[in-house]
Amino acid sequence: MTAGDIKAGELRVAIIGAGPRGLGAAEALIERAAARSQKVSVAFFDPSEPAGAGPNFDPRQSAFCLLNTPLHAVDLRRSGRAGEGFAAFDEWLPPESRDPDRYPARAELGAYLADRFAALSSTPPPGIRVTHAAKRVETLEPDGPGWRLRTACGFVDRFDEILLAPGQPETRPDPQIARWTAHARSTGATLMPAYPDRDLLEAAAGWTERTVAIRGLGLTLFDVLRILTLGLGGRFGEKGYIASGREPARILPFSRDGLPPAPKPATQTLDRAFEPTLAETAAFEHAFGEAVSCEPDRALRLVCEAIVAPASRILRDSGGGSTASQVQHWLARERETPGAQETREARQVLRHAIAMAEGAAPPSVGYAIGQVWRKWQNALRRGFNPVAIASETASALIDFDEGLKRFSYGPPVGSVRELLALIEAGLVDLRAAEDPDIQLVGEGWRLVEGGDQATAQVMIDAVLPSPALETVADPLLGSLRDAGRLCPVEDGLGAHTRSDALAIGRDGRAQAGLGLLGRLALGTVIAVDSIHDCFGEARIRWAEGVLRRARS
C-alpha cells in the first residue's frame, strides 16, 4: 500500500503486530466499518510468519506445547459480517480431534489463526482492504492528525490510526538472568530460554548425563518437561515413565514458592460443579464495581466477600465440609501472602491436586476459590478494563489475580500426572524447588536448599518476562516510551491507556490515533494472558474509538 493507493474517504489504519491480538482487533474494526459503509484499509506490519498466529502459537512448533485450556472452553467464533463462512475452532478441527476435554497443541490453534487471518485478508467485505507487510517498524512520528511510519526496509507511509499489538516484546534481562548470562559466557555452561521450543529440543539432544535446572514452576515448565522427555524418545505408560536413555540425568525445577500450579477439572462435567450462579456473578460484578473506586485494602475485601458465597456453596455441595469462615480465613491469608496457605511437600500437593481435578477428592478451599475466579475472568475484565482506577488499587487487584493463577490458569491434569511420574521415576527432583540459594560455580549453577544441593550444567529460563514498560528493549516501543508517548501506570506495570486503548503520554494527554492493546498495557487492563482476551471487549472499544474519531 502506497500513498498512490489511497482512496477517497478511506480510513487508513496500521496494526503493528499480526498475532492473535492484532487479528482480533482488525476483525472488530472491519466488522463495524462494513456495517457503517466506512471504507477502511488495514495494513499489518510484522516480520513473523505466518500472520495471525504469532510466535506463541507458531504452527511450526512441536506438538509438545499444549494450550492450558480444554477444547470445550476455547470460544473463538467470529461474529457478524467479518465472520461469515468461517468455522469456530472446534468445527475447524478434524472430527477425530474434537474431544471437548482434550487440550489442543498450541500449534493447532496457530494453524487455525493463520487460516482465519488468510480468510480475512483474501475475502474482506466491500470497501475494506487488508494487507500484510513482513517488515519491522522502526519509527513512528506524528504527522498532522495522523502518523508517519518507517520500516527497517526504508518503507515510509502515513496512516490515520496506529495500533500497537506487540504480544510479548523484547525486554531487558532481569538482574538474575543478566548475571547468569555473563556467567554462562565465561564458563561454557548453557543458559537458554524455554522458547522457541525447536531450539530447546535441538539443544536437549546433547544433554544426556547432564543435570538441567529449570527456573520457574508455571505453565511453561510442563512444555519444557515434555520436550526433555517425550521429545527425546521417552514415553508414559501405565506403570509410569519409560525412559529412552537420551534424557538429562536429572531435572531440577525451582521457583520462589516451590509449588507447581494445580490442574483444571479433568472433564467438562466435573468443571460444571464450579459454575457460579447468575445471582452470585451479579453480586460479584456489583462488588467489583464498587471496589475499583476504593483504596486497595477495601477493594480487595469487597472482592473477597463476593467470593465467599459461591466458594462456600461449592464446598458444601462437594462434601468437603469447609465453612464460610474457613473460606474467609483462606482469602485473608491470600491477601497478605499468596500461597502461604500451603505447607505440604510438593509430592503430596501434586497427588491431592490430581485427585481434586479428577473428582476423586473434594476440592480444597483454595481449589474451589481458584475455579470460581477462573469462571469470572470475563466479568473481571468488564469491571476493570473500561474504568479509570487509581494505580495503587489497580496494582492490588492485579496482584490478587496473578496470585490466584496457580489455580485459575492451571494445566491439564494429564500434564500434572506426567510431572508426578517423572518425580517418582527419579528424573525430576523437587527437593530444592522452593527458592533455593543459587551459587555460580565453574560447572554451572549450584542449587542449595536446606541440607540438599545439586549442580546443574544447564539452566533453562521458563519465566515469562514482566510487562513492565521500563524494561522494554524493543526499539520502536522503547523510542515511544523515551519520547513520552508511552508511560507506565506505575513502576513495574505496563503502559497507561484510555478505555478505548489510546496511549496516554507523559503529559497526561491521550496520544491521538496511537492505540495499544495487550500485555504491555497491564495496569490499565487486567487478565491479559489469555487467548480470549485477544478477541474480547478491549478490541471492540478500540475499534469503536477509531470509527468515532473518523466521523468527527
# chains A, B, ... in the order shown; residues from 1 in each chain; ligands from 1

call {"tool": "select_by_dssp", "arguments": {"residues": "stretch 197-331 of chain A", "states": "strand (DSSP E)", "output": "PyMOL selection string"}}
result
chain A and resi 211-215+235-237+240-242+250-254

call {"tool": "write_last_selection", "arguments": {"atoms": "C-alpha atoms", "output": "mmCIF file, in the first residue's frame"}}
result
data_model
loop_
_atom_site.group_PDB
_atom_site.id
_atom_site.type_symbol
_atom_site.label_atom_id
_atom_site.label_comp_id
_atom_site.auth_asym_id
_atom_site.auth_seq_id
_atom_site.Cartn_x
_atom_site.Cartn_y
_atom_site.Cartn_z
ATOM 1 C CA THR A 211 21.803 -32.016 35.148
ATOM 2 C CA VAL A 212 19.302 -29.433 33.921
ATOM 3 C CA ALA A 213 17.783 -26.768 36.183
ATOM 4 C CA ILE A 214 14.546 -25.014 35.204
ATOM 5 C CA ARG A 215 13.793 -21.549 36.527
ATOM 6 C CA ARG A 235 7.043 -42.256 26.920
ATOM 7 C CA PHE A 236 4.491 -42.544 29.691
ATOM 8 C CA GLY A 237 2.912 -45.932 30.327
ATOM 9 C CA GLY A 240 4.969 -44.650 34.961
ATOM 10 C CA TYR A 241 7.673 -43.071 32.824
ATOM 11 C CA ILE A 242 9.668 -45.251 30.431
ATOM 12 C CA ARG A 250 18.354 -35.114 36.404
ATOM 13 C CA ILE A 251 15.948 -32.186 36.090
ATOM 14 C CA LEU A 252 15.704 -29.592 38.875
ATOM 15 C CA PRO A 253 12.748 -27.201 38.598
ATOM 16 C CA PHE A 254 12.518 -24.369 41.137
#

call {"tool": "residues_around", "arguments": {"residues": "stretch 430-444 of chain A", "least_positions_apart": "4", "cutoff": "7 Å", "atoms": "only C-alpha atoms", "output": "PDB file with N, CA and C atoms, in the first residue's frame"}}
result
ATOM      1  N   THR A 187      32.040 -19.450  31.521  1.00  0.00           N
ATOM      2  CA  THR A 187      32.317 -20.824  31.955  1.00  0.00           C
ATOM      3  C   THR A 187      32.004 -21.877  30.907  1.00  0.00           C
ATOM      4  N   ALA A 189      28.986 -22.946  30.494  1.00  0.00           N
ATOM      5  CA  ALA A 189      27.717 -23.553  30.880  1.00  0.00           C
ATOM      6  C   ALA A 189      26.625 -23.081  29.927  1.00  0.00           C
ATOM      7  N   LEU A 252      15.926 -30.286  37.607  1.00  0.00           N
ATOM      8  CA  LEU A 252      15.704 -29.592  38.875  1.00  0.00           C
ATOM      9  C   LEU A 252      14.883 -28.322  38.664  1.00  0.00           C
ATOM     10  N   PRO A 253      13.553 -28.423  38.695  1.00  0.00           N
ATOM     11  CA  PRO A 253      12.748 -27.201  38.598  1.00  0.00           C
ATOM     12  C   PRO A 253      12.737 -26.474  39.950  1.00  0.00           C
ATOM     13  N   PHE A 254      12.602 -25.140  39.894  1.00  0.00           N
ATOM     14  CA  PHE A 254      12.518 -24.369  41.137  1.00  0.00           C
ATOM     15  C   PHE A 254      11.789 -23.058  40.885  1.00  0.00           C
ATOM     16  N   SER A 255      11.276 -22.471  41.964  1.00  0.00           N
ATOM     17  CA  SER A 255      10.631 -21.162  41.903  1.00  0.00           C
ATOM     18  C   SER A 255      10.661 -20.568  43.305  1.00  0.00           C
ATOM     19  N   ARG A 256      10.070 -19.397  43.467  1.00  0.00           N
ATOM     20  CA  ARG A 256      10.088 -18.757  44.784  1.00  0.00           C
ATOM     21  C   ARG A 256       9.300 -19.545  45.822  1.00  0.00           C
ATOM     22  N   ASP A 257       8.115 -20.087  45.419  1.00  0.00           N
ATOM     23  CA  ASP A 257       7.314 -20.803  46.406  1.00  0.00           C
ATOM     24  C   ASP A 257       7.447 -22.325  46.299  1.00  0.00           C
ATOM     25  N   GLY A 258       8.067 -22.809  45.236  1.00  0.00           N
ATOM     26  CA  GLY A 258       8.323 -24.235  45.104  1.00  0.00           C
ATOM     27  C   GLY A 258       7.124 -25.085  44.763  1.00  0.00           C
ATOM     28  N   VAL A 448      21.126 -24.836  46.350  1.00  0.00           N
ATOM     29  CA  VAL A 448      21.238 -25.260  47.735  1.00  0.00           C
ATOM     30  C   VAL A 448      19.922 -24.960  48.441  1.00  0.00           C
ATOM     31  N   GLU A 449      19.309 -25.971  49.045  1.00  0.00           N
ATOM     32  CA  GLU A 449      18.061 -25.807  49.789  1.00  0.00           C
ATOM     33  C   GLU A 449      18.160 -26.672  51.042  1.00  0.00           C
ATOM     34  N   ASP A 452      20.168 -30.039  51.171  1.00  0.00           N
ATOM     35  CA  ASP A 452      20.288 -30.602  49.821  1.00  0.00           C
ATOM     36  C   ASP A 452      20.994 -29.622  48.898  1.00  0.00           C
ATOM     37  N   THR A 455      24.356 -29.573  41.448  1.00  0.00           N
ATOM     38  CA  THR A 455      24.971 -28.671  40.467  1.00  0.00           C
ATOM     39  C   THR A 455      24.423 -28.973  39.081  1.00  0.00           C
ATOM     40  N   ALA A 456      23.939 -27.932  38.420  1.00  0.00           N
ATOM     41  CA  ALA A 456      23.388 -28.066  37.068  1.00  0.00           C
ATOM     42  C   ALA A 456      24.335 -27.445  36.061  1.00  0.00           C
ATOM     43  N   GLN A 457      24.542 -28.159  34.965  1.00  0.00           N
ATOM     44  CA  GLN A 457      25.372 -27.629  33.882  1.00  0.00           C
ATOM     45  C   GLN A 457      24.541 -26.835  32.868  1.00  0.00           C
ATOM     46  N   VAL A 458      23.197 -27.007  32.948  1.00  0.00           N
ATOM     47  CA  VAL A 458      22.271 -26.334  32.027  1.00  0.00           C
ATOM     48  C   VAL A 458      21.210 -25.621  32.851  1.00  0.00           C
TER      49      VAL A 458
END

call {"tool": "residues_around", "arguments": {"residues": "A:Asp491", "least_positions_apart": "3", "cutoff": "10 Å", "atoms": "only C-alpha atoms", "output": "list in words"}}
result
Ser391, Ala468, Leu469, Glu470, Cys487, Pro488, Gly494 and Ala495 of chain A

call {"tool": "closest_residue", "arguments": {"among": "A:Gly410, A:Gly515, A:Pro248, A:Gly450", "to": "A:Leu422", "atoms": "only C-alpha atoms"}}
result
A:Pro248

call {"tool": "atom_distance", "arguments": {"atom1": "atom CA of A:Lys405", "atom2": "atom CA of A:Asn385"}}
result
18.4 Å

call {"tool": "closest_atom_pairs", "arguments": {"of": "stretch 373-415 of chain A", "to": "stretch 530-536 of chain A", "cutoff": "12 Å", "atoms": "only C-alpha atoms", "output": "CSV"}}
result
residue,atom,partner,partner_atom,distance
A:Arg374,CA,A:Ser530,CA,11.2
A:Gln377,CA,A:Asp533,CA,9.5
A:Asn378,CA,A:Gly536,CA,8.4
A:Ala379,CA,A:Gly536,CA,11.3
A:Leu380,CA,A:Asp533,CA,11.3
A:Arg381,CA,A:Asp533,CA,8.6
A:Arg382,CA,A:Gly536,CA,9.5
A:Asn385,CA,A:Gly536,CA,10.8
A:Lys405,CA,A:Ser530,CA,11.5
A:Ser408,CA,A:Ser530,CA,11.3
A:Tyr409,CA,A:Ser530,CA,9.0

call {"tool": "write_last_selection", "arguments": {"atoms": "C-alpha atoms", "output": "PDB file, in the first residue's frame"}}
result
ATOM      1  CA  ARG A 374     -11.450 -18.610  36.525  1.00  0.00           C
ATOM      2  CA  GLN A 377     -12.316 -13.762  34.189  1.00  0.00           C
ATOM      3  CA  ASN A 378     -14.580 -12.090  31.637  1.00  0.00           C
ATOM      4  CA  ALA A 379     -16.555 -10.340  34.387  1.00  0.00           C
ATOM      5  CA  LEU A 380     -13.233  -9.223  35.854  1.00  0.00           C
ATOM      6  CA  ARG A 381     -12.180  -7.665  32.557  1.00  0.00           C
ATOM      7  CA  ARG A 382     -15.560  -5.980  32.112  1.00  0.00           C
ATOM      8  CA  ASN A 385     -10.683  -2.523  31.777  1.00  0.00           C
ATOM      9  CA  LYS A 405      -3.406 -18.001  38.630  1.00  0.00           C
ATOM     10  CA  SER A 408      -7.289 -20.331  37.633  1.00  0.00           C
ATOM     11  CA  TYR A 409      -4.660 -20.777  34.877  1.00  0.00           C
TER      12      TYR A 409
END

call {"tool": "residues_around", "arguments": {"residues": "stretch 163-172 of chain A", "least_positions_apart": "6", "cutoff": "6 Å", "atoms": "only C-alpha atoms", "output": "PyMOL selection string"}}
result
chain A and resi 15-17+22+471-474+515-517

call {"tool": "atom_distance", "arguments": {"atom1": "atom CA of A:Pro196", "atom2": "atom CA of A:Asp115"}}
result
21.6 Å

call {"tool": "atom_distance", "arguments": {"atom1": "atom CA of A:Leu315", "atom2": "atom CA of A:Thr337"}}
result
22.8 Å

call {"tool": "closest_residue", "arguments": {"among": "A:His183, A:Val74, A:Trp542, A:Arg198", "to": "A:Arg498", "atoms": "only C-alpha atoms"}}
result
A:Trp542

call {"tool": "closest_residue", "arguments": {"among": "A:Gly206, A:Pro310, A:Pro125, A:Gly513", "to": "A:Asp143", "atoms": "only C-alpha atoms"}}
result
A:Gly513

call {"tool": "residues_around", "arguments": {"residues": "A:Ala550", "least_positions_apart": "2", "cutoff": "12 Å", "atoms": "only C-alpha atoms", "output": "list in words"}}
result
Gly9, Glu10, Leu11, Arg12, Val13, Ala33, Arg36, Gln38, Lys39, Val40, Pro145, Gly146, Asp160, Glu161, Ala512, Gly513, Ala543, Glu544, Gly545, Val546, Leu547, Arg548 and Ser552 of chain A

call {"tool": "select_by_dssp", "arguments": {"residues": "stretch 171-324 of chain A", "states": "alpha helix (DSSP H)", "output": "MDAnalysis selection string"}}
result
chainID A and resid 175:187 197:204 219:229 268:272 278:291 296:318 324

call {"tool": "write_last_selection", "arguments": {"atoms": "C-alpha atoms", "output": "mmCIF file, in the first residue's frame"}}
result
data_model
loop_
_atom_site.group_PDB
_atom_site.id
_atom_site.type_symbol
_atom_site.label_atom_id
_atom_site.label_comp_id
_atom_site.auth_asym_id
_atom_site.auth_seq_id
_atom_site.Cartn_x
_atom_site.Cartn_y
_atom_site.Cartn_z
ATOM 1 C CA PRO A 175 19.370 -8.810 37.156
ATOM 2 C CA GLN A 176 19.468 -12.544 37.846
ATOM 3 C CA ILE A 177 19.381 -13.527 34.175
ATOM 4 C CA ALA A 178 21.936 -10.808 33.335
ATOM 5 C CA ARG A 179 24.365 -12.290 35.888
ATOM 6 C CA TRP A 180 23.712 -15.806 34.669
ATOM 7 C CA THR A 181 24.261 -14.801 31.040
ATOM 8 C CA ALA A 182 27.691 -13.386 31.851
ATOM 9 C CA HIS A 183 28.475 -16.487 33.927
ATOM 10 C CA ALA A 184 27.482 -18.859 31.121
ATOM 11 C CA ARG A 185 29.682 -16.990 28.651
ATOM 12 C CA SER A 186 32.696 -17.159 30.953
ATOM 13 C CA THR A 187 32.317 -20.824 31.955
ATOM 14 C CA ASP A 197 10.767 -24.989 21.548
ATOM 15 C CA ARG A 198 12.528 -26.179 18.374
ATOM 16 C CA ASP A 199 15.786 -24.645 19.599
ATOM 17 C CA LEU A 200 15.351 -26.230 23.013
ATOM 18 C CA LEU A 201 14.624 -29.654 21.542
ATOM 19 C CA GLU A 202 17.696 -29.487 19.306
ATOM 20 C CA ALA A 203 19.951 -28.467 22.206
ATOM 21 C CA ALA A 204 18.468 -31.080 24.572
ATOM 22 C CA LEU A 219 2.784 -23.473 32.836
ATOM 23 C CA THR A 220 5.964 -23.260 30.750
ATOM 24 C CA LEU A 221 7.519 -25.932 32.963
ATOM 25 C CA PHE A 222 5.193 -28.567 31.512
ATOM 26 C CA ASP A 223 6.189 -27.729 27.928
ATOM 27 C CA VAL A 224 9.856 -27.957 28.888
ATOM 28 C CA LEU A 225 9.394 -31.305 30.650
ATOM 29 C CA ARG A 226 7.649 -32.806 27.620
ATOM 30 C CA ILE A 227 10.459 -31.623 25.367
ATOM 31 C CA LEU A 228 13.106 -33.110 27.684
ATOM 32 C CA THR A 229 11.276 -36.453 27.890
ATOM 33 C CA GLN A 268 -16.432 -30.648 31.279
ATOM 34 C CA THR A 269 -18.847 -32.468 33.569
ATOM 35 C CA LEU A 270 -16.576 -32.048 36.607
ATOM 36 C CA ASP A 271 -15.957 -28.437 35.672
ATOM 37 C CA ARG A 272 -19.677 -27.585 35.786
ATOM 38 C CA LEU A 278 -26.223 -15.891 37.846
ATOM 39 C CA ALA A 279 -27.041 -14.248 41.181
ATOM 40 C CA GLU A 280 -23.514 -14.927 42.513
ATOM 41 C CA THR A 281 -21.944 -13.446 39.385
ATOM 42 C CA ALA A 282 -24.203 -10.403 39.577
ATOM 43 C CA ALA A 283 -23.170 -9.922 43.217
ATOM 44 C CA PHE A 284 -19.508 -10.137 42.214
ATOM 45 C CA GLU A 285 -19.958 -7.603 39.418
ATOM 46 C CA HIS A 286 -21.707 -5.217 41.824
ATOM 47 C CA ALA A 287 -18.954 -5.623 44.446
ATOM 48 C CA PHE A 288 -16.217 -5.186 41.856
ATOM 49 C CA GLY A 289 -17.912 -2.078 40.500
ATOM 50 C CA GLU A 290 -17.632 -0.565 43.979
ATOM 51 C CA ALA A 291 -14.136 -1.919 44.581
ATOM 52 C CA PRO A 296 -6.582 -1.077 47.890
ATOM 53 C CA ASP A 297 -7.423 -2.832 51.173
ATOM 54 C CA ARG A 298 -11.125 -2.009 50.926
ATOM 55 C CA ALA A 299 -11.170 -3.054 47.249
ATOM 56 C CA LEU A 300 -9.700 -6.480 47.996
ATOM 57 C CA ARG A 301 -12.062 -7.037 50.914
ATOM 58 C CA LEU A 302 -15.079 -6.274 48.733
ATOM 59 C CA VAL A 303 -13.877 -8.675 46.039
ATOM 60 C CA CYS A 304 -13.158 -11.422 48.560
ATOM 61 C CA GLU A 305 -16.556 -11.010 50.242
ATOM 62 C CA ALA A 306 -18.188 -11.717 46.867
ATOM 63 C CA ILE A 307 -16.161 -14.936 46.500
ATOM 64 C CA VAL A 308 -17.289 -16.382 49.843
ATOM 65 C CA ALA A 309 -20.855 -17.323 48.841
ATOM 66 C CA PRO A 310 -20.106 -19.347 45.679
ATOM 67 C CA ALA A 311 -16.975 -20.977 47.124
ATOM 68 C CA SER A 312 -18.839 -21.984 50.314
ATOM 69 C CA ARG A 313 -21.769 -23.382 48.320
ATOM 70 C CA ILE A 314 -19.469 -25.411 46.057
ATOM 71 C CA LEU A 315 -17.532 -26.786 49.016
ATOM 72 C CA ARG A 316 -20.758 -27.675 50.825
ATOM 73 C CA ASP A 317 -22.223 -29.404 47.755
ATOM 74 C CA SER A 318 -18.999 -31.360 47.174
ATOM 75 C CA ALA A 324 -17.752 -19.741 55.120
#

call {"tool": "residues_around", "arguments": {"residues": "A:Pro50", "least_positions_apart": "6", "cutoff": "10 Å", "atoms": "only C-alpha atoms", "output": "VMD selection string"}}
result
chain A and resid 18 to 19 57 to 60 110 to 111 113 to 115 117 to 118 134

call {"tool": "write_last_selection", "arguments": {"atoms": "C-alpha atoms", "output": "PDB file, in the first residue's frame"}}
result
ATOM      1  CA  ALA A  18      -0.006  -9.609  13.232  1.00  0.00           C
ATOM      2  CA  GLY A  19      -0.552 -12.097  16.034  1.00  0.00           C
ATOM      3  CA  PHE A  57       1.068 -20.203  18.549  1.00  0.00           C
ATOM      4  CA  ASP A  58       3.508 -20.802  15.706  1.00  0.00           C
ATOM      5  CA  PRO A  59       2.082 -23.760  13.719  1.00  0.00           C
ATOM      6  CA  ARG A  60       5.640 -24.977  13.149  1.00  0.00           C
ATOM      7  CA  GLY A 110      -1.831 -21.356  15.462  1.00  0.00           C
ATOM      8  CA  ALA A 111      -2.779 -23.109  12.233  1.00  0.00           C
ATOM      9  CA  LEU A 113      -5.478 -18.484  13.484  1.00  0.00           C
ATOM     10  CA  ALA A 114      -3.318 -18.416  10.353  1.00  0.00           C
ATOM     11  CA  ASP A 115      -6.246 -19.716   8.296  1.00  0.00           C
ATOM     12  CA  PHE A 117      -6.113 -14.343   9.064  1.00  0.00           C
ATOM     13  CA  ALA A 118      -5.822 -15.592   5.472  1.00  0.00           C
ATOM     14  CA  ALA A 134       6.503  -8.787   6.679  1.00  0.00           C
TER      15      ALA A 134
END
